[in-house]
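Dumped data39.pdb below, it's PDB, N, CA and C atoms:
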```pdb
MODEL        1
ATOM      1  N   MET U   1     126.185 106.908 107.188
ATOM      2  CA  MET U   1     125.899 105.557 106.755
ATOM      3  C   MET U   1     126.722 104.547 107.562
ATOM      4  N   ILE U   2     127.980 104.845 107.770
ATOM      5  CA  ILE U   2     128.839 103.950 108.538
ATOM      6  C   ILE U   2     128.383 103.927 109.996
ATOM      7  N   GLY U   3     127.985 105.085 110.504
ATOM      8  CA  GLY U   3     127.475 105.157 111.871
ATOM      9  C   GLY U   3     126.199 104.344 112.039
ATOM     10  N   ALA U   4     125.323 104.386 111.033
ATOM     11  CA  ALA U   4     124.075 103.613 111.091
ATOM     12  C   ALA U   4     124.369 102.119 111.096
ATOM     13  N   LEU U   5     125.320 101.709 110.307
ATOM     14  CA  LEU U   5     125.666 100.283 110.269
ATOM     15  C   LEU U   5     126.333  99.826 111.567
ATOM     16  N   ALA U   6     127.156 100.690 112.161
ATOM     17  CA  ALA U   6     127.769 100.357 113.445
ATOM     18  C   ALA U   6     126.698 100.256 114.534
ATOM     19  N   ALA U   7     125.749 101.184 114.526
ATOM     20  CA  ALA U   7     124.648 101.135 115.490
ATOM     21  C   ALA U   7     123.806  99.882 115.277
ATOM     22  N   ALA U   8     123.621  99.490 114.023
ATOM     23  CA  ALA U   8     122.838  98.281 113.727
ATOM     24  C   ALA U   8     123.528  97.045 114.286
ATOM     25  N   LEU U   9     124.844  97.002 114.211
ATOM     26  CA  LEU U   9     125.581  95.853 114.735
ATOM     27  C   LEU U   9     125.400  95.739 116.247
ATOM     28  N   VAL U  10     125.552  96.851 116.947
ATOM     29  CA  VAL U  10     125.370  96.850 118.398
ATOM     30  C   VAL U  10     123.913  96.532 118.744
ATOM     31  N   GLY U  11     122.983  97.115 117.999
ATOM     32  CA  GLY U  11     121.569  96.845 118.233
ATOM     33  C   GLY U  11     121.210  95.392 117.999
ATOM     34  N   PHE U  12     121.828  94.785 117.002
ATOM     35  CA  PHE U  12     121.595  93.374 116.705
ATOM     36  C   PHE U  12     122.026  92.511 117.890
ATOM     37  N   LEU U  13     123.160  92.835 118.472
ATOM     38  CA  LEU U  13     123.625  92.101 119.657
ATOM     39  C   LEU U  13     122.685  92.328 120.839
ATOM     40  N   ASP U  14     122.211  93.562 121.007
ATOM     41  CA  ASP U  14     121.263  93.860 122.077
ATOM     42  C   ASP U  14     119.956  93.099 121.891
ATOM     43  N   LEU U  15     119.509  92.980 120.657
ATOM     44  CA  LEU U  15     118.245  92.307 120.375
ATOM     45  C   LEU U  15     118.269  90.867 120.867
ATOM     46  N   PHE U  16     119.361  90.199 120.673
ATOM     47  CA  PHE U  16     119.419  88.798 121.056
ATOM     48  C   PHE U  16     119.713  88.586 122.541
ATOM     49  N   ALA U  17     119.837  89.683 123.288
ATOM     50  CA  ALA U  17     119.890  89.585 124.746
ATOM     51  C   ALA U  17     118.481  89.645 125.334
ATOM     52  N   ILE U  18     117.492  90.000 124.506
ATOM     53  CA  ILE U  18     116.094  90.063 124.947
ATOM     54  C   ILE U  18     115.487  88.675 124.795
ATOM     55  N   PRO U  19     114.762  88.203 125.778
ATOM     56  CA  PRO U  19     114.163  86.874 125.667
ATOM     57  C   PRO U  19     113.183  86.787 124.491
ATOM     58  N   PRO U  20     113.331  85.782 123.628
ATOM     59  CA  PRO U  20     112.401  85.621 122.505
ATOM     60  C   PRO U  20     110.989  85.336 123.011
ATOM     61  N   GLY U  21     110.015  85.678 122.207
ATOM     62  CA  GLY U  21     108.633  85.432 122.571
ATOM     63  C   GLY U  21     108.040  86.487 123.481
ATOM     64  N   THR U  22     108.780  87.573 123.719
ATOM     65  CA  THR U  22     108.275  88.654 124.569
ATOM     66  C   THR U  22     107.883  89.835 123.698
ATOM     67  N   ARG U  23     107.092  90.716 124.290
ATOM     68  CA  ARG U  23     106.677  91.923 123.572
ATOM     69  C   ARG U  23     107.897  92.782 123.222
ATOM     70  N   ALA U  24     108.841  92.877 124.143
ATOM     71  CA  ALA U  24     110.051  93.675 123.898
ATOM     72  C   ALA U  24     110.838  93.125 122.710
ATOM     73  N   PHE U  25     110.903  91.809 122.578
ATOM     74  CA  PHE U  25     111.624  91.210 121.446
ATOM     75  C   PHE U  25     110.930  91.546 120.129
ATOM     76  N   ARG U  26     109.593  91.447 120.103
ATOM     77  CA  ARG U  26     108.856  91.764 118.870
ATOM     78  C   ARG U  26     109.033  93.228 118.484
ATOM     79  N   VAL U  27     108.944  94.115 119.464
ATOM     80  CA  VAL U  27     109.142  95.544 119.187
ATOM     81  C   VAL U  27     110.576  95.784 118.720
ATOM     82  N   GLY U  28     111.530  95.085 119.313
ATOM     83  CA  GLY U  28     112.925  95.202 118.882
ATOM     84  C   GLY U  28     113.126  94.766 117.441
ATOM     85  N   LEU U  29     112.441  93.706 117.036
ATOM     86  CA  LEU U  29     112.527  93.263 115.636
ATOM     87  C   LEU U  29     111.977  94.313 114.677
ATOM     88  N   VAL U  30     110.840  94.897 115.031
ATOM     89  CA  VAL U  30     110.249  95.942 114.181
ATOM     90  C   VAL U  30     111.174  97.158 114.129
ATOM     91  N   HIS U  31     111.716  97.545 115.282
ATOM     92  CA  HIS U  31     112.645  98.672 115.357
ATOM     93  C   HIS U  31     113.863  98.440 114.459
ATOM     94  N   MET U  32     114.433  97.238 114.546
ATOM     95  CA  MET U  32     115.604  96.901 113.731
ATOM     96  C   MET U  32     115.259  96.918 112.237
ATOM     97  N   THR U  33     114.137  96.320 111.891
ATOM     98  CA  THR U  33     113.742  96.263 110.488
ATOM     99  C   THR U  33     113.530  97.654 109.917
ATOM    100  N   LEU U  34     112.829  98.501 110.656
ATOM    101  CA  LEU U  34     112.613  99.875 110.186
ATOM    102  C   LEU U  34     113.929 100.616 110.014
ATOM    103  N   ASN U  35     114.838 100.470 110.986
ATOM    104  CA  ASN U  35     116.129 101.161 110.874
ATOM    105  C   ASN U  35     116.925 100.694 109.664
ATOM    106  N   LEU U  36     116.923  99.401 109.400
ATOM    107  CA  LEU U  36     117.651  98.897 108.222
ATOM    108  C   LEU U  36     117.003  99.378 106.926
ATOM    109  N   LEU U  37     115.673  99.401 106.890
ATOM    110  CA  LEU U  37     114.982  99.905 105.694
ATOM    111  C   LEU U  37     115.252 101.395 105.478
ATOM    112  N   VAL U  38     115.247 102.159 106.552
ATOM    113  CA  VAL U  38     115.525 103.602 106.436
ATOM    114  C   VAL U  38     116.958 103.827 105.960
ATOM    115  N   THR U  39     117.912 103.076 106.497
ATOM    116  CA  THR U  39     119.308 103.213 106.061
ATOM    117  C   THR U  39     119.439 102.891 104.577
ATOM    118  N   ALA U  40     118.786 101.823 104.133
ATOM    119  CA  ALA U  40     118.824 101.458 102.712
ATOM    120  C   ALA U  40     118.147 102.529 101.865
ATOM    121  N   ALA U  41     117.036 103.076 102.354
ATOM    122  CA  ALA U  41     116.322 104.121 101.600
ATOM    123  C   ALA U  41     117.162 105.385 101.488
ATOM    124  N   TYR U  42     117.835 105.779 102.572
ATOM    125  CA  TYR U  42     118.695 106.961 102.501
ATOM    126  C   TYR U  42     119.874 106.742 101.548
ATOM    127  N   ALA U  43     120.451 105.551 101.572
ATOM    128  CA  ALA U  43     121.549 105.248 100.649
ATOM    129  C   ALA U  43     121.051 105.271  99.205
ATOM    130  N   ALA U  44     119.893 104.673  98.954
ATOM    131  CA  ALA U  44     119.327 104.670  97.605
ATOM    132  C   ALA U  44     118.999 106.088  97.156
ATOM    133  N   ASN U  45     118.455 106.888  98.058
ATOM    134  CA  ASN U  45     118.123 108.271  97.716
ATOM    135  C   ASN U  45     119.379 109.075  97.409
ATOM    136  N   PHE U  46     120.443 108.849  98.172
ATOM    137  CA  PHE U  46     121.712 109.529  97.910
ATOM    138  C   PHE U  46     122.231 109.182  96.517
ATOM    139  N   LEU U  47     122.235 107.886  96.217
ATOM    140  CA  LEU U  47     122.721 107.458  94.900
ATOM    141  C   LEU U  47     121.836 107.988  93.778
ATOM    142  N   TRP U  48     120.538 107.971  93.995
ATOM    143  CA  TRP U  48     119.581 108.463  92.999
ATOM    144  C   TRP U  48     119.814 109.950  92.725
ATOM    145  N   ARG U  49     120.024 110.718  93.779
ATOM    146  CA  ARG U  49     120.214 112.163  93.623
ATOM    147  C   ARG U  49     121.547 112.496  92.943
ATOM    148  N   HIS U  50     122.536 111.636  93.091
ATOM    149  CA  HIS U  50     123.859 111.936  92.533
ATOM    150  C   HIS U  50     124.173 111.190  91.244
ATOM    151  N   ALA U  51     123.253 110.410  90.759
ATOM    152  CA  ALA U  51     123.496 109.624  89.539
ATOM    153  C   ALA U  51     122.928 110.338  88.307
ATOM    154  N   GLY U  52     123.369 111.508  88.039
ATOM    155  CA  GLY U  52     122.898 112.201  86.855
ATOM    156  C   GLY U  52     122.054 113.421  87.160
ATOM    157  N   HIS U  53     121.943 113.755  88.435
ATOM    158  CA  HIS U  53     121.185 114.947  88.817
ATOM    159  C   HIS U  53     122.045 116.179  88.555
ATOM    160  N   ARG U  54     121.482 117.141  87.851
ATOM    161  CA  ARG U  54     122.203 118.390  87.571
ATOM    162  C   ARG U  54     121.839 119.430  88.618
ATOM    163  N   PRO U  55     122.799 120.238  89.033
ATOM    164  CA  PRO U  55     122.533 121.241  90.074
ATOM    165  C   PRO U  55     121.514 122.306  89.657
ATOM    166  N   ASP U  56     121.316 122.491  88.370
ATOM    167  CA  ASP U  56     120.391 123.539  87.928
ATOM    168  C   ASP U  56     118.935 123.067  87.864
ATOM    169  N   THR U  57     118.672 121.816  88.212
ATOM    170  CA  THR U  57     117.300 121.311  88.215
ATOM    171  C   THR U  57     116.854 121.042  89.649
ATOM    172  N   GLY U  58     115.569 121.024  89.874
ATOM    173  CA  GLY U  58     115.023 120.763  91.201
ATOM    174  C   GLY U  58     115.024 119.278  91.524
ATOM    175  N   VAL U  59     114.710 118.998  92.738
ATOM    176  CA  VAL U  59     114.594 117.609  93.184
ATOM    177  C   VAL U  59     113.267 117.067  92.680
ATOM    178  N   GLY U  60     113.289 115.870  92.122
ATOM    179  CA  GLY U  60     112.077 115.269  91.583
ATOM    180  C   GLY U  60     111.104 114.844  92.672
ATOM    181  N   GLY U  61     109.867 114.633  92.281
ATOM    182  CA  GLY U  61     108.828 114.232  93.220
ATOM    183  C   GLY U  61     109.104 112.878  93.865
ATOM    184  N   GLY U  62     109.669 111.944  93.095
ATOM    185  CA  GLY U  62     109.988 110.630  93.632
ATOM    186  C   GLY U  62     111.044 110.708  94.719
ATOM    187  N   MET U  63     112.062 111.537  94.485
ATOM    188  CA  MET U  63     113.122 111.711  95.484
ATOM    189  C   MET U  63     112.565 112.341  96.760
ATOM    190  N   LEU U  64     111.705 113.317  96.567
ATOM    191  CA  LEU U  64     111.097 113.982  97.715
ATOM    192  C   LEU U  64     110.191 113.022  98.488
ATOM    193  N   ALA U  65     109.420 112.218  97.768
ATOM    194  CA  ALA U  65     108.535 111.245  98.425
ATOM    195  C   ALA U  65     109.344 110.204  99.200
ATOM    196  N   LEU U  66     110.433 109.729  98.613
ATOM    197  CA  LEU U  66     111.279 108.764  99.305
ATOM    198  C   LEU U  66     111.856 109.372 100.577
ATOM    199  N   SER U  67     112.242 110.625 100.522
ATOM    200  CA  SER U  67     112.754 111.302 101.717
ATOM    201  C   SER U  67     111.671 111.419 102.783
ATOM    202  N   ALA U  68     110.461 111.768 102.383
ATOM    203  CA  ALA U  68     109.357 111.932 103.338
ATOM    204  C   ALA U  68     108.989 110.600 103.995
ATOM    205  N   VAL U  69     108.903 109.542 103.198
ATOM    206  CA  VAL U  69     108.570 108.217 103.740
ATOM    207  C   VAL U  69     109.686 107.736 104.669
ATOM    208  N   SER U  70     110.929 107.973 104.280
ATOM    209  CA  SER U  70     112.067 107.576 105.124
ATOM    210  C   SER U  70     112.042 108.305 106.454
ATOM    211  N   LEU U  71     111.738 109.598 106.412
ATOM    212  CA  LEU U  71     111.689 110.383 107.640
ATOM    213  C   LEU U  71     110.555 109.905 108.546
ATOM    214  N   ALA U  72     109.405 109.585 107.979
ATOM    215  CA  ALA U  72     108.280 109.075 108.777
ATOM    216  C   ALA U  72     108.637 107.729 109.410
ATOM    217  N   ALA U  73     109.253 106.845 108.640
ATOM    218  CA  ALA U  73     109.653 105.533 109.173
ATOM    219  C   ALA U  73     110.700 105.699 110.269
ATOM    220  N   LEU U  74     111.603 106.651 110.101
ATOM    221  CA  LEU U  74     112.613 106.911 111.125
ATOM    222  C   LEU U  74     111.967 107.411 112.410
ATOM    223  N   GLY U  75     110.937 108.233 112.287
ATOM    224  CA  GLY U  75     110.210 108.710 113.468
ATOM    225  C   GLY U  75     109.541 107.573 114.221
ATOM    226  N   VAL U  76     108.894 106.663 113.493
ATOM    227  CA  VAL U  76     108.253 105.510 114.129
ATOM    228  C   VAL U  76     109.305 104.633 114.801
ATOM    229  N   SER U  77     110.411 104.406 114.124
ATOM    230  CA  SER U  77     111.473 103.583 114.685
ATOM    231  C   SER U  77     112.062 104.229 115.938
ATOM    232  N   GLY U  78     112.216 105.533 115.916
ATOM    233  CA  GLY U  78     112.715 106.241 117.093
ATOM    234  C   GLY U  78     111.770 106.114 118.273
ATOM    235  N   TYR U  79     110.468 106.203 117.997
ATOM    236  CA  TYR U  79     109.469 106.010 119.054
ATOM    237  C   TYR U  79     109.607 104.606 119.654
ATOM    238  N   LEU U  80     109.727 103.603 118.798
ATOM    239  CA  LEU U  80     109.856 102.225 119.275
ATOM    240  C   LEU U  80     111.148 102.029 120.070
ATOM    241  N   GLY U  81     112.234 102.633 119.611
ATOM    242  CA  GLY U  81     113.493 102.553 120.345
ATOM    243  C   GLY U  81     113.392 103.203 121.717
ATOM    244  N   GLY U  82     112.690 104.333 121.785
ATOM    245  CA  GLY U  82     112.464 104.984 123.066
ATOM    246  C   GLY U  82     111.624 104.122 123.988
ATOM    247  N   LYS U  83     110.628 103.455 123.419
ATOM    248  CA  LYS U  83     109.784 102.558 124.207
ATOM    249  C   LYS U  83     110.625 101.412 124.776
ATOM    250  N   LEU U  84     111.507 100.866 123.950
ATOM    251  CA  LEU U  84     112.379  99.785 124.415
ATOM    252  C   LEU U  84     113.266 100.241 125.580
ATOM    253  N   ALA U  85     113.863 101.404 125.431
ATOM    254  CA  ALA U  85     114.818 101.862 126.443
ATOM    255  C   ALA U  85     114.151 102.464 127.669
ATOM    256  N   TYR U  86     113.179 103.354 127.455
ATOM    257  CA  TYR U  86     112.644 104.117 128.578
ATOM    258  C   TYR U  86     111.451 103.468 129.264
ATOM    259  N   ARG U  87     110.693 102.669 128.543
ATOM    260  CA  ARG U  87     109.550 102.016 129.172
ATOM    261  C   ARG U  87     109.918 100.634 129.707
ATOM    262  N   TRP U  88     110.674  99.890 128.905
ATOM    263  CA  TRP U  88     110.986  98.518 129.280
ATOM    264  C   TRP U  88     112.416  98.346 129.771
ATOM    265  N   GLY U  89     113.229  99.378 129.694
ATOM    266  CA  GLY U  89     114.578  99.314 130.228
ATOM    267  C   GLY U  89     115.493  98.346 129.512
ATOM    268  N   VAL U  90     115.252  98.109 128.223
ATOM    269  CA  VAL U  90     116.084  97.163 127.471
ATOM    270  C   VAL U  90     117.523  97.657 127.467
ATOM    271  N   ARG U  91     118.399  96.796 127.934
ATOM    272  CA  ARG U  91     119.837  97.036 128.033
ATOM    273  C   ARG U  91     120.165  98.188 128.976
ATOM    274  N   VAL U  92     119.184  98.562 129.813
ATOM    275  CA  VAL U  92     119.390  99.598 130.813
ATOM    276  C   VAL U  92     119.146  99.016 132.200
ATOM    277  N   ALA U  93     118.041  98.308 132.351
ATOM    278  CA  ALA U  93     117.662  97.690 133.624
ATOM    279  C   ALA U  93     117.506  96.195 133.405
ATOM    280  N   ASP U  94     117.555  95.440 134.488
ATOM    281  CA  ASP U  94     117.340  94.004 134.331
ATOM    282  C   ASP U  94     115.864  93.732 134.024
ATOM    283  N   GLU U  95     115.601  92.578 133.478
ATOM    284  CA  GLU U  95     114.271  92.238 133.007
ATOM    285  C   GLU U  95     113.236  92.258 134.124
ATOM    286  N   GLY U  96     113.633  91.951 135.344
ATOM    287  CA  GLY U  96     112.703  91.941 136.458
ATOM    288  C   GLY U  96     112.283  93.328 136.897
ATOM    289  N   THR U  97     113.125  94.332 136.655
ATOM    290  CA  THR U  97     112.824  95.691 137.077
ATOM    291  C   THR U  97     111.647  96.263 136.300
ATOM    292  N   GLN U  98     111.631  96.060 135.000
ATOM    293  CA  GLN U  98     110.544  96.549 134.166
ATOM    294  C   GLN U  98     109.999  95.362 133.380
ATOM    295  N   ALA U  99     109.248  94.541 134.056
ATOM    296  CA  ALA U  99     108.856  93.242 133.522
ATOM    297  C   ALA U  99     107.773  93.293 132.457
ATOM    298  N   GLU U 100     107.051  94.390 132.305
ATOM    299  CA  GLU U 100     105.926  94.419 131.367
ATOM    300  C   GLU U 100     106.301  93.962 129.962
ATOM    301  N   GLY U 101     107.403  94.420 129.448
ATOM    302  CA  GLY U 101     107.811  94.046 128.101
ATOM    303  C   GLY U 101     108.421  92.668 128.006
ATOM    304  N   PHE U 102     108.694  92.067 129.151
ATOM    305  CA  PHE U 102     109.379  90.782 129.150
ATOM    306  C   PHE U 102     108.465  89.618 129.508
ATOM    307  N   VAL U 103     107.167  89.864 129.526
ATOM    308  CA  VAL U 103     106.207  88.799 129.764
ATOM    309  C   VAL U 103     106.034  88.030 128.464
ATOM    310  N   PRO U 104     106.194  86.714 128.483
ATOM    311  CA  PRO U 104     106.018  85.952 127.233
ATOM    312  C   PRO U 104     104.623  86.168 126.656
ATOM    313  N   THR U 105     104.570  86.338 125.348
ATOM    314  CA  THR U 105     103.288  86.573 124.684
ATOM    315  C   THR U 105     102.622  85.275 124.283
ATOM    316  N   ARG U 106     103.338  84.171 124.361
ATOM    317  CA  ARG U 106     102.760  82.857 124.065
ATOM    318  C   ARG U 106     103.401  81.848 125.004
ATOM    319  N   ARG U 107     102.684  80.797 125.273
ATOM    320  CA  ARG U 107     103.214  79.757 126.141
ATOM    321  C   ARG U 107     104.212  78.898 125.388
ATOM    322  N   PRO U 108     105.271  78.531 126.055
ATOM    323  CA  PRO U 108     106.225  77.616 125.417
ATOM    324  C   PRO U 108     105.556  76.271 125.165
ATOM    325  N   PRO U 109     105.946  75.583 124.096
ATOM    326  CA  PRO U 109     105.360  74.265 123.812
ATOM    327  C   PRO U 109     105.560  73.316 124.993
ATOM    328  N   GLY U 110     104.509  72.577 125.315
ATOM    329  CA  GLY U 110     104.586  71.578 126.372
ATOM    330  C   GLY U 110     104.374  72.127 127.764
ATOM    331  N   SER U 111     104.073  73.444 127.898
ATOM    332  CA  SER U 111     103.851  73.992 129.234
ATOM    333  C   SER U 111     102.406  73.746 129.652
ATOM    334  N   ALA U 112     102.206  73.577 130.921
ATOM    335  CA  ALA U 112     100.858  73.325 131.453
ATOM    336  C   ALA U 112     100.147  74.641 131.687
ATOM    337  N   GLY U 113      98.827  74.575 131.698
ATOM    338  CA  GLY U 113      98.101  75.717 132.147
ATOM    339  C   GLY U 113      97.205  76.315 131.208
TER     340      GLY U 113
ENDMDL
END
```
If you convert what's in this file into structure tokens, what do you get?
Amino acid sequence: MIGALAAALVGFLDLFAIPPGTRAFRVGLVHMTLNLLVTAAYAANFLWRHAGHRPDTGVGGGMLALSAVSLAALGVSGYLGGKLAYRWGVRVADEGTQAEGFVPTRRPPGSAG
């Protein structure tokens, strides 16, 4: 949990090094949101499992479902993180080297064309 929060802090700083309005920035926002939701879900699941759960009983269906949904969301977030790093070179290469993710998705206000 502490490691996830430390990674989130570094990731948050990395996110704001990406130019806003680009595809890479939008994917970074989704990646960050999923990671924070997964961290919260794992913490909630931990507390749920230890708040009155007896060792002689099985894990409930709700706990199992929360674990499955969290794992699926973590997989999607990992895919997006890989796309950021390996396809677009976020925080690995300069924006000009792998420009596809850094093309603005909308024109800035007042621009011609």
Would you mind listing what lies within 8 Å of Leu15 (chain U) as a PDB file with N, CA and C atoms, keeping the file's coordinate frame, with all atoms listed in the file counted and same-chain residues fewer than 5 positions away left out?
```pdb
ATOM      1  N   LEU U   9     124.844  97.002 114.211  1.00  0.00           N
ATOM      2  CA  LEU U   9     125.581  95.853 114.735  1.00  0.00           C
ATOM      3  C   LEU U   9     125.400  95.739 116.247  1.00  0.00           C
ATOM      4  N   VAL U  10     125.552  96.851 116.947  1.00  0.00           N
ATOM      5  CA  VAL U  10     125.370  96.850 118.398  1.00  0.00           C
ATOM      6  C   VAL U  10     123.913  96.532 118.744  1.00  0.00           C
ATOM      7  N   PRO U  20     113.331  85.782 123.628  1.00  0.00           N
ATOM      8  CA  PRO U  20     112.401  85.621 122.505  1.00  0.00           C
ATOM      9  C   PRO U  20     110.989  85.336 123.011  1.00  0.00           C
ATOM     10  N   ALA U  24     108.841  92.877 124.143  1.00  0.00           N
ATOM     11  CA  ALA U  24     110.051  93.675 123.898  1.00  0.00           C
ATOM     12  C   ALA U  24     110.838  93.125 122.710  1.00  0.00           C
ATOM     13  N   PHE U  25     110.903  91.809 122.578  1.00  0.00           N
ATOM     14  CA  PHE U  25     111.624  91.210 121.446  1.00  0.00           C
ATOM     15  C   PHE U  25     110.930  91.546 120.129  1.00  0.00           C
ATOM     16  N   GLY U  28     111.530  95.085 119.313  1.00  0.00           N
ATOM     17  CA  GLY U  28     112.925  95.202 118.882  1.00  0.00           C
ATOM     18  C   GLY U  28     113.126  94.766 117.441  1.00  0.00           C
ATOM     19  N   LEU U  29     112.441  93.706 117.036  1.00  0.00           N
ATOM     20  CA  LEU U  29     112.527  93.263 115.636  1.00  0.00           C
ATOM     21  C   LEU U  29     111.977  94.313 114.677  1.00  0.00           C
TER      22      LEU U  29
END
```
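Interatomic distance, CA of Leu36 (chain U) against atom C of Gly60 (chain U): 23.2 Å.
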Next item on the list: List, as number ranges by chain, every residue that the PyMOL selection byres ((chain U and resi 65-75) around 7) selects in the file provided.
Entry: U: 34-35, 37-38, 41-42, 45, 60-64, 76-80
Next item on the list: Report the distance between atom C of Val90 (chain U) and atom N of Phe12 (chain U) in Å, rounded to one decimal place.
Entry: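 Pair atom C of Val90 (chain U) / atom N of Phe12 (chain U) returns 11.7 Å.
From atom C of Leu5 (chain U) back to CA of Gly81 (chain U), the distance works out to 15.8 Å.
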